[in-house]
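File shown here: run12.txt, holding compact mmCIF, C-alpha atoms.
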```
# COMPACT_ATOMS: atom_id res chain seq x y z
CA MET K 1 0.00 0.00 0.00
CA ALA K 2 3.03 2.31 0.33
CA ALA K 3 3.22 3.13 -3.38
CA PRO K 4 -0.46 4.16 -3.80
CA VAL K 5 -0.33 6.29 -0.64
CA SER K 6 2.85 8.00 -1.85
CA THR K 7 1.30 8.63 -5.28
CA PHE K 8 -1.84 10.04 -3.67
CA ALA K 9 0.24 12.41 -1.50
CA ASN K 10 2.19 13.56 -4.55
CA LEU K 11 -1.05 14.30 -6.42
CA ARG K 12 -2.30 16.38 -3.49
CA TRP K 13 0.87 18.47 -3.62
CA ILE K 14 0.47 18.92 -7.37
CA PHE K 15 -3.13 20.10 -6.95
CA ALA K 16 -2.04 22.50 -4.20
CA ALA K 17 0.64 23.94 -6.49
CA CYS K 18 -1.95 24.35 -9.26
CA GLY K 19 -4.19 26.23 -6.80
CA VAL K 20 -1.39 28.64 -5.91
CA ALA K 21 -0.61 29.17 -9.60
CA TRP K 22 -4.33 29.77 -10.32
CA ALA K 23 -4.56 32.38 -7.54
CA ALA K 24 -1.37 34.13 -8.72
CA LEU K 25 -2.64 34.26 -12.33
CA GLN K 26 -6.01 35.68 -11.29
CA ILE K 27 -4.37 38.31 -9.07
CA TYR K 28 -2.19 39.39 -11.97
CA LEU K 29 -5.13 39.56 -14.40
CA ILE K 30 -7.31 41.63 -12.06
CA HIS K 31 -4.42 43.98 -11.35
CA SER K 32 -3.93 44.38 -15.09
CA PHE K 33 -7.50 45.74 -15.29
CA GLY K 34 -6.38 48.72 -13.18
CA PHE K 35 -7.33 47.61 -9.66
CA ASN K 36 -4.85 47.90 -6.81
CA TRP K 37 -2.97 44.92 -5.43
CA TYR K 38 -5.18 44.63 -2.34
CA ILE K 39 -8.36 44.26 -4.39
CA ALA K 40 -6.63 41.89 -6.84
CA ALA K 41 -5.17 39.77 -4.01
CA THR K 42 -8.49 39.60 -2.18
CA ASP K 43 -10.33 38.54 -5.32
CA GLY K 44 -7.71 35.97 -6.32
CA LEU K 45 -7.34 34.40 -2.88
CA VAL K 46 -11.09 34.19 -2.13
CA THR K 47 -11.76 32.68 -5.54
CA ALA K 48 -8.87 30.21 -5.15
CA ILE K 49 -10.06 29.18 -1.67
CA CYS K 50 -13.61 28.61 -2.94
CA LEU K 51 -12.36 26.58 -5.89
CA GLY K 52 -9.97 24.66 -3.63
CA GLY K 53 -12.84 23.76 -1.30
CA ALA K 54 -15.04 22.67 -4.23
CA CYS K 55 -12.23 20.58 -5.74
CA TRP K 56 -11.48 19.01 -2.35
CA LEU K 57 -15.17 18.14 -1.95
CA ILE K 58 -15.48 16.60 -5.41
CA ASP K 59 -12.18 14.72 -4.99
CA ASN K 60 -13.16 13.17 -1.64
CA THR K 61 -16.61 12.31 -2.95
CA LEU K 62 -15.11 10.39 -5.87
CA ARG K 63 -12.51 8.84 -3.60
CA PHE K 64 -15.16 6.96 -1.64
CA TYR K 65 -17.95 6.78 -4.22
CA GLN K 66 -17.45 5.74 -7.81
CA PRO K 67 -20.48 6.65 -9.96
CA SER K 68 -21.75 4.11 -12.45
CA LYS K 69 -21.77 4.88 -16.17
CA ASN K 70 -25.42 5.85 -15.93
CA SER K 71 -24.65 8.35 -13.16
CA TYR K 72 -22.11 10.52 -15.01
CA PHE K 73 -24.80 13.11 -15.70
CA ASN K 74 -25.29 13.46 -11.94
CA LEU K 75 -21.57 14.22 -11.65
CA PHE K 76 -21.98 16.91 -14.32
CA ILE K 77 -24.83 18.46 -12.32
CA TRP K 78 -22.76 18.28 -9.16
CA CYS K 79 -19.87 20.18 -10.83
CA ALA K 80 -22.30 22.80 -12.19
CA LEU K 81 -23.81 23.27 -8.72
CA LEU K 82 -20.41 23.70 -7.04
CA ALA K 83 -19.39 26.21 -9.72
CA GLY K 84 -22.61 28.14 -8.97
CA ILE K 85 -21.85 28.15 -5.23
CA CYS K 86 -18.34 29.49 -5.87
CA LEU K 87 -19.85 32.19 -8.12
CA ALA K 88 -22.41 33.16 -5.45
CA ILE K 89 -19.64 33.59 -2.86
CA ALA K 90 -17.71 35.83 -5.28
CA ARG K 91 -20.83 37.81 -6.21
CA PHE K 92 -22.03 38.50 -2.67
CA GLY K 93 -18.89 38.06 -0.58
CA LEU K 94 -16.23 40.04 -2.42
CA PRO K 95 -18.19 43.36 -2.39
CA GLN K 96 -18.28 43.07 1.40
CA LEU K 97 -14.49 43.04 1.47
CA ASN K 98 -14.00 45.76 -1.14
CA ALA K 99 -16.66 48.52 -1.18
CA ASP K 100 -15.55 49.95 -4.50
CA ALA K 101 -18.31 50.78 -7.00
CA GLU K 102 -16.10 50.25 -10.01
CA TYR K 103 -14.97 46.85 -8.67
CA PHE K 104 -18.60 45.91 -7.97
CA GLY K 105 -19.45 46.63 -11.59
CA PHE K 106 -16.44 44.59 -12.70
CA ILE K 107 -17.69 41.62 -10.71
CA ASN K 108 -21.15 41.82 -12.30
CA LYS K 109 -19.70 42.01 -15.80
CA SER K 110 -17.39 39.04 -15.19
CA LEU K 111 -19.99 36.69 -13.68
CA THR K 112 -20.36 34.63 -16.86
CA ILE K 113 -16.65 34.14 -17.40
CA ARG K 114 -16.18 33.43 -13.68
CA TYR K 115 -18.85 30.74 -13.74
CA PHE K 116 -17.44 28.92 -16.73
CA THR K 117 -13.91 29.24 -15.36
CA ASN K 118 -15.07 27.73 -12.06
CA PHE K 119 -16.94 24.98 -13.88
CA LEU K 120 -13.90 24.21 -16.03
CA ALA K 121 -11.59 23.96 -13.01
CA ILE K 122 -14.00 21.80 -10.98
CA GLY K 123 -14.78 19.67 -14.04
CA TRP K 124 -11.11 18.99 -14.68
CA MET K 125 -10.67 18.05 -11.04
CA ALA K 126 -13.66 15.70 -11.24
CA MET K 127 -12.35 14.05 -14.41
CA ILE K 128 -8.83 13.58 -13.03
CA SER K 129 -10.15 12.21 -9.75
CA LEU K 130 -12.58 9.90 -11.52
CA VAL K 131 -9.87 8.44 -13.75
CA TYR K 132 -7.36 8.14 -10.91
CA TYR K 133 -9.68 6.45 -8.41
CA THR K 134 -11.16 4.20 -11.08
CA GLN K 135 -7.66 2.97 -11.91
CA GLN K 136 -6.90 2.50 -8.21
CA ASP K 137 -10.07 0.47 -7.73
CA HIS K 138 -9.22 -1.59 -10.81
CA LYS K 139 -5.72 -2.32 -9.49
CA GLU K 140 -7.09 -3.28 -6.07
CA ASN K 141 -9.66 -5.55 -7.68
CA GLU K 142 -6.96 -7.17 -9.80
CA ASN K 143 -4.78 -7.66 -6.72
CA ARG K 144 -7.66 -9.19 -4.79
CA LYS K 145 -8.49 -11.42 -7.76
CA ALA K 146 -4.86 -12.53 -8.10
CA GLU K 147 -4.68 -13.23 -4.36
CA ALA K 148 -7.91 -15.22 -4.48
CA GLU K 149 -6.65 -17.22 -7.47
CA LYS K 150 -3.36 -17.85 -5.67
CA LEU K 151 -5.16 -19.11 -2.58
CA ALA K 152 -7.42 -21.28 -4.74
CA LYS K 153 -4.40 -22.76 -6.53
CA GLU K 154 -2.62 -23.43 -3.24
CA ALA K 155 -5.74 -25.11 -1.87
CA GLU K 156 -6.11 -27.29 -4.98
CA LEU K 157 -2.42 -28.20 -4.94
CA TYR K 158 -2.75 -29.14 -1.29
CA ASN K 159 -5.78 -31.31 -2.06
CA LEU K 160 -3.93 -33.04 -4.92
CA ARG K 161 -1.05 -33.86 -2.63
CA GLN K 162 -3.40 -35.11 0.07
CA GLN K 163 -4.95 -37.44 -2.51
CA LEU K 164 -1.49 -38.83 -3.31
CA GLN K 165 -0.63 -40.07 0.18
CA PRO K 166 -3.74 -42.23 0.83
CA HIS K 167 -3.51 -43.56 -2.73
CA PHE K 168 0.03 -44.83 -2.22
CA LEU K 169 -0.48 -45.75 1.45
CA PHE K 170 -3.42 -48.01 0.60
CA ASN K 171 -1.32 -50.02 -1.87
CA SER K 172 1.64 -50.26 0.51
CA LEU K 173 -0.45 -51.44 3.46
CA ASN K 174 -2.04 -54.08 1.26
CA SER K 175 1.42 -55.32 0.33
CA ILE K 176 2.55 -55.34 3.96
CA ASN K 177 -0.54 -57.31 4.90
CA ALA K 178 0.26 -59.85 2.17
CA LEU K 179 3.87 -60.22 3.37
CA ILE K 180 3.17 -60.56 7.10
CA GLY K 181 2.07 -64.22 6.85
CA PHE K 182 4.97 -65.75 4.92
CA LYS K 183 7.69 -63.05 4.86
CA PRO K 184 7.55 -61.25 8.22
CA ASP K 185 11.10 -59.90 7.86
CA GLU K 186 10.23 -58.36 4.48
CA ALA K 187 7.04 -56.89 5.95
CA ARG K 188 9.01 -55.35 8.83
CA LYS K 189 11.54 -53.91 6.37
CA MET K 190 8.75 -52.45 4.26
CA ILE K 191 7.16 -50.82 7.33
CA HIS K 192 10.47 -49.07 8.13
CA GLN K 193 10.84 -47.94 4.52
CA LEU K 194 7.27 -46.70 4.44
CA SER K 195 7.91 -44.76 7.65
CA ASP K 196 10.98 -43.09 6.11
CA PHE K 197 9.05 -42.24 2.96
CA LEU K 198 6.11 -40.67 4.80
CA ARG K 199 8.46 -38.75 7.10
CA GLY K 200 10.19 -37.30 4.04
CA THR K 201 6.83 -36.42 2.52
CA LEU K 202 5.82 -34.46 5.61
CA LYS K 203 9.08 -32.52 5.54
CA LYS K 204 8.36 -31.46 1.94
CA ASP K 205 4.81 -30.24 2.62
CA ASP K 206 5.88 -26.58 2.80
CA GLN K 207 8.22 -26.73 -0.22
CA GLN K 208 7.08 -25.62 -3.65
CA LEU K 209 10.18 -26.51 -5.69
CA VAL K 210 13.08 -28.87 -4.99
CA THR K 211 16.17 -29.87 -6.95
CA LEU K 212 16.09 -33.00 -9.06
CA THR K 213 18.65 -34.52 -6.69
CA GLU K 214 16.26 -34.12 -3.75
CA GLU K 215 13.32 -35.43 -5.76
CA LEU K 216 15.25 -38.52 -6.89
CA ALA K 217 16.43 -39.22 -3.34
CA HIS K 218 12.83 -39.20 -2.14
CA LEU K 219 11.73 -41.23 -5.15
CA GLN K 220 14.34 -43.86 -4.26
CA LEU K 221 12.60 -44.40 -0.90
CA TYR K 222 9.41 -45.16 -2.81
CA LEU K 223 11.20 -47.50 -5.22
CA ASP K 224 12.77 -49.39 -2.31
CA ILE K 225 9.28 -50.07 -0.98
CA GLU K 226 8.03 -51.21 -4.37
CA LYS K 227 11.03 -53.52 -4.80
CA VAL K 228 10.06 -55.24 -1.56
CA ARG K 229 6.56 -55.72 -3.00
CA PHE K 230 7.63 -57.03 -6.41
CA GLY K 231 11.07 -58.49 -5.66
CA HIS K 232 13.41 -59.15 -8.58
CA ARG K 233 10.65 -58.38 -11.13
CA LEU K 234 11.08 -54.65 -10.63
CA GLN K 235 14.28 -53.10 -11.96
CA THR K 236 14.96 -49.38 -12.36
CA GLU K 237 17.40 -47.35 -14.42
CA ILE K 238 17.93 -43.72 -13.38
CA SER K 239 20.29 -41.49 -15.36
CA CYS K 240 20.90 -37.74 -15.43
CA ASP K 241 23.93 -35.49 -15.57
CA GLU K 242 25.08 -33.04 -12.91
CA ARG K 243 23.49 -30.07 -14.67
CA CYS K 244 20.07 -31.73 -14.53
CA ARG K 245 20.48 -32.58 -10.86
CA GLN K 246 20.59 -28.87 -9.98
CA CYS K 247 17.41 -28.07 -11.91
CA THR K 248 14.22 -27.55 -9.93
CA LEU K 249 10.79 -29.11 -10.20
CA PRO K 250 7.61 -29.24 -8.07
CA THR K 251 8.10 -31.44 -5.03
CA LEU K 252 6.70 -34.99 -5.10
CA LEU K 253 5.99 -34.71 -8.83
CA LEU K 254 7.62 -37.92 -10.04
CA GLN K 255 6.38 -40.48 -7.50
CA PRO K 256 2.77 -40.76 -8.76
CA VAL K 257 4.00 -40.92 -12.37
CA VAL K 258 6.48 -43.70 -11.54
CA GLU K 259 3.73 -45.46 -9.57
CA ASN K 260 1.59 -45.29 -12.70
CA ALA K 261 4.46 -46.75 -14.74
CA ILE K 262 4.90 -49.62 -12.26
CA LYS K 263 1.17 -50.29 -12.28
CA PHE K 264 0.99 -50.68 -16.07
CA GLY K 265 4.44 -52.23 -16.34
CA LEU K 266 4.14 -55.00 -13.76
CA TYR K 267 0.44 -55.65 -13.35
CA ASP K 268 -0.11 -56.54 -16.99
CA THR K 269 3.17 -58.22 -17.92
CA MET K 270 5.10 -61.31 -16.88
CA GLY K 271 8.74 -61.54 -15.91
CA GLU K 272 11.27 -58.85 -15.14
CA VAL K 273 10.33 -55.24 -15.91
CA VAL K 274 12.67 -52.26 -16.21
CA ILE K 275 11.37 -48.77 -15.39
CA SER K 276 13.60 -46.14 -17.00
CA ILE K 277 13.91 -42.58 -15.66
CA ARG K 278 16.15 -40.21 -17.61
CA GLY K 279 16.79 -36.50 -17.11
CA ASP K 280 18.02 -34.02 -19.74
CA TYR K 281 18.44 -30.26 -19.90
CA GLU K 282 17.28 -28.77 -23.18
CA GLU K 283 16.67 -25.11 -24.14
CA GLY K 284 15.70 -23.87 -20.69
CA TYR K 285 13.68 -26.95 -19.74
CA LEU K 286 14.37 -29.87 -17.44
CA GLN K 287 13.10 -32.81 -19.47
CA ILE K 288 12.28 -36.03 -17.61
CA ILE K 289 11.53 -39.16 -19.62
CA ILE K 290 9.86 -42.10 -17.88
CA GLN K 291 9.43 -45.35 -19.79
CA ASN K 292 7.81 -48.65 -18.90
CA PRO K 293 6.88 -51.75 -20.92
CA TYR K 294 3.24 -52.81 -21.23
CA ASP K 295 1.27 -55.57 -22.80
CA PRO K 296 -1.04 -54.14 -25.47
CA GLN K 297 -3.27 -57.21 -25.15
CA THR K 298 -4.18 -56.49 -21.53
CA ALA K 299 -3.57 -52.75 -21.11
CA LYS K 300 -4.35 -49.67 -23.15
CA PRO K 301 -2.32 -46.78 -21.71
CA ARG K 302 -3.56 -43.39 -22.72
CA LYS K 303 -2.95 -39.79 -21.81
CA GLY K 304 -4.36 -39.03 -18.39
CA THR K 305 -4.69 -42.68 -17.30
CA GLY K 306 -5.16 -42.97 -13.54
CA PHE K 307 -4.42 -40.48 -10.78
CA GLY K 308 -0.67 -40.40 -11.50
CA LEU K 309 -0.73 -38.64 -14.86
CA SER K 310 -3.90 -36.60 -14.37
CA GLY K 311 -2.81 -35.34 -10.95
CA MET K 312 0.66 -34.45 -12.23
CA GLN K 313 -0.76 -32.62 -15.26
CA ARG K 314 -3.12 -30.64 -13.06
CA ARG K 315 -0.31 -29.63 -10.70
CA LEU K 316 1.87 -28.42 -13.58
CA HIS K 317 -1.03 -26.40 -14.98
CA LEU K 318 -1.68 -24.75 -11.60
CA ILE K 319 1.98 -23.89 -11.07
CA TYR K 320 3.03 -22.89 -14.59
CA THR K 321 -0.42 -22.15 -16.17
CA ARG K 322 0.51 -24.26 -19.19
CA ASN K 323 -1.01 -27.40 -20.71
CA ASP K 324 1.87 -28.37 -23.01
CA LEU K 325 4.36 -29.67 -20.45
CA VAL K 326 3.38 -33.35 -20.57
CA GLU K 327 3.50 -35.71 -23.54
CA THR K 328 2.75 -39.44 -23.66
CA PHE K 329 3.09 -41.95 -26.49
CA THR K 330 3.63 -45.66 -27.11
CA ASN K 331 6.16 -47.39 -29.36
CA ASP K 332 7.12 -51.08 -29.57
CA ASN K 333 5.21 -51.96 -26.38
CA ILE K 334 6.97 -49.15 -24.50
CA PHE K 335 4.86 -46.45 -22.84
CA THR K 336 6.74 -43.13 -22.60
CA THR K 337 5.92 -40.07 -20.50
CA ILE K 338 7.86 -36.87 -21.19
CA ILE K 339 7.66 -34.08 -18.61
CA LYS K 340 9.11 -30.62 -19.30
CA ILE K 341 9.77 -28.30 -16.36
CA PRO K 342 10.57 -24.64 -17.21
CA GLN K 343 13.72 -23.37 -15.52
CA VAL K 344 13.72 -19.71 -14.51
```
Just dump the structure as structure tokens.
Amino acid sequence: MAAPVSTFANLRWIFAACGVAWAALQIYLIHSFGFNWYIAATDGLVTAICLGGACWLIDNTLRFYQPSKNSYFNLFIWCALLAGICLAIARFGLPQLNADAEYFGFINKSLTIRYFTNFLAIGWMAMISLVYYTQQDHKENENRKAEAEKLAKEAELYNLRQQLQPHFLFNSLNSINALIGFKPDEARKMIHQLSDFLRGTLKKDDQQLVTLTEELAHLQLYLDIEKVRFGHRLQTEISCDERCRQCTLPTLLLQPVVENAIKFGLYDTMGEVVISIRGDYEEGYLQIIIQNPYDPQTAKPRKGTGFGLSGMQRRLHLIYTRNDLVETFTNDNIFTTIIKIPQV
């Protein structure tokens, strides 16, 4: 709010300077008609004070009340009325201060020009104030709208992330339950790994962006759990250079996508499955390529399949306001997901 207040104070000083210049000009003009400096100064100062009061009144009115488009005529009437009040003060007040017959006649002869001069000054003040306060209201509305959209995005991102944890937790607990009977040591190991994974997730709740190194370290905790579930059938290949590792991406972005890859890679195929995760840096983007095999006879991967891809796409749209950051395609029984993360 500091900038608008400073601008408003500067405008007030500008208007005050214009009032002083107006008074000085009127004093000079009246003196040029042959009246002494006292009469000219009295006329100029009284007129300037009246106009200043009228401009202050119209400015404060528009500051707190913005007329609708259908009410502009009322503003015109209001300016005309204030100009008439200023003229009445000059007509009946100035002769009381200067009892000069010639000056009294001068006032009567100049009533028309005085009125239109007053109306012009007040009208200009009304127009400037109207434009200024309309712009201020527009900026405040835009700021409130942006803040509301930001809060809405944060709330939706939070909800998406809250959906992720139960989704993964449900699968993990089912696996632990299946292992307890015949592989209690594996079940105990998986419980410890799950605890480490969830603890890391909680630590990341307040983070918007993390480095790829941090994301991969957290992803490895998830993969360790899944390898307990699937044993030797699940193999992973992770490759990226040092430059990619320093790039940033939204926290917890890859885990649901990799979970989706494991789901379609292992549930619908037999034998050993390799999930490939590769990172590249290309033209200002961190590009992450995730590949998994699938059996076209039992699975039909498509864009947006399951929570993993749809949730990830929605998060990227909320953060970067773009819909072109995710691409999926199939080739030779390999399902590929390409994610592009803009780097600032």
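Using only C-alpha atoms, the shortest contact distance between Phe35 in chain K and any of K:Ala101, K:Ile49, K:Ala178, K:Ile85 is found at K:Ala101.
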Taking all atoms listed in the file into account, produce a table as a tab-separated table in which each residue of range 31-100 of chain K with an atom at most 8 Å from an atom of range 131-147 of chain K appears once, together with its shortest atom pair and the distance in Å to one decimal, ordered by chain and rising number.
```
residue	atom	partner	partner_atom	distance
K:Leu62	CA	K:Tyr133	CA	7.2
K:Arg63	CA	K:Tyr133	CA	6.1
K:Gln66	CA	K:Thr134	CA	7.3
```
CA of Asn108 in chain K to CA of Ile27 in chain K, straight-line distance in Å: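 A separation of 17.4 Å between them.
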How big is the axis-aligned box, and where does its centre sit, when it encloses all atoms of range 35-41 of chain K listed in the file and has 6 Å added on every side, reported in Å to one decimal as AutoDock Vina command-line options?
```
--center_x -5.7 --center_y 43.8 --center_z -6.0 --size_x 17.4 --size_y 20.1 --size_z 19.3
```
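Taking CA of Leu252 in chain K and CA of Glu215 in chain K as endpoints, the distance between them is 6.7 Å.
Closest approach to Leu82 in chain K among K:Gly105, K:Gly271, K:Gly53, K:Pro95: K:Gly53, based on only C-alpha atoms.
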Distance criterion (all atoms listed in the file): nearest to Leu94 in chain K out of K:Ile338, K:Trp124, K:Thr117, K:Val46: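 Of K:Ile338, K:Trp124, K:Thr117, K:Val46, the one nearest Leu94 in chain K is K:Val46, counting all atoms listed in the file.
Computed from the coordinates, the CA of Ile262 in chain K to CA of Gly231 in chain K distance equals 12.7 Å.
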Can you pull out every residue within 10 Å of Ile122 in chain K, counting all atoms listed in the file, but drop anything in the same chain fewer than 6 positions away, and send it as a list of chain:residue names?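 Once the adjacent positions are removed, what remains is K:Leu51, K:Gly52, K:Gly53, K:Ala54, K:Cys55, K:Trp56, K:Leu57, K:Ile58, K:Asp59, K:Phe76, K:Trp78, K:Cys79, K:Ala80, K:Leu82, K:Ala83, K:Phe116, K:Ile128.
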I'd like to know which of K:Val210, K:Ala90, K:Leu75, K:Leu173 is closest to Leu194 in chain K, using all atoms listed in the file. K:Leu173
Leaving out Cys244 in chain K and any residue of its chain fewer than 5 positions from it, which residues lie within 9 Å of it when counting all atoms listed in the file, given as an MDAnalysis selection string? chainID K and resid 211:213 279:281 286:287
Residue nearest Gly123 in chain K among K:Leu179, K:Ile289, K:Ile77, K:Ala99 (counting all atoms listed in the file):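 Nearest to Gly123 in chain K: K:Ile77.
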Restricting the calculation to only C-alpha atoms: of K:Thr321, K:Thr248, K:Thr236, K:Thr61, which residue gets closest to Glu149 in chain K? K:Thr321
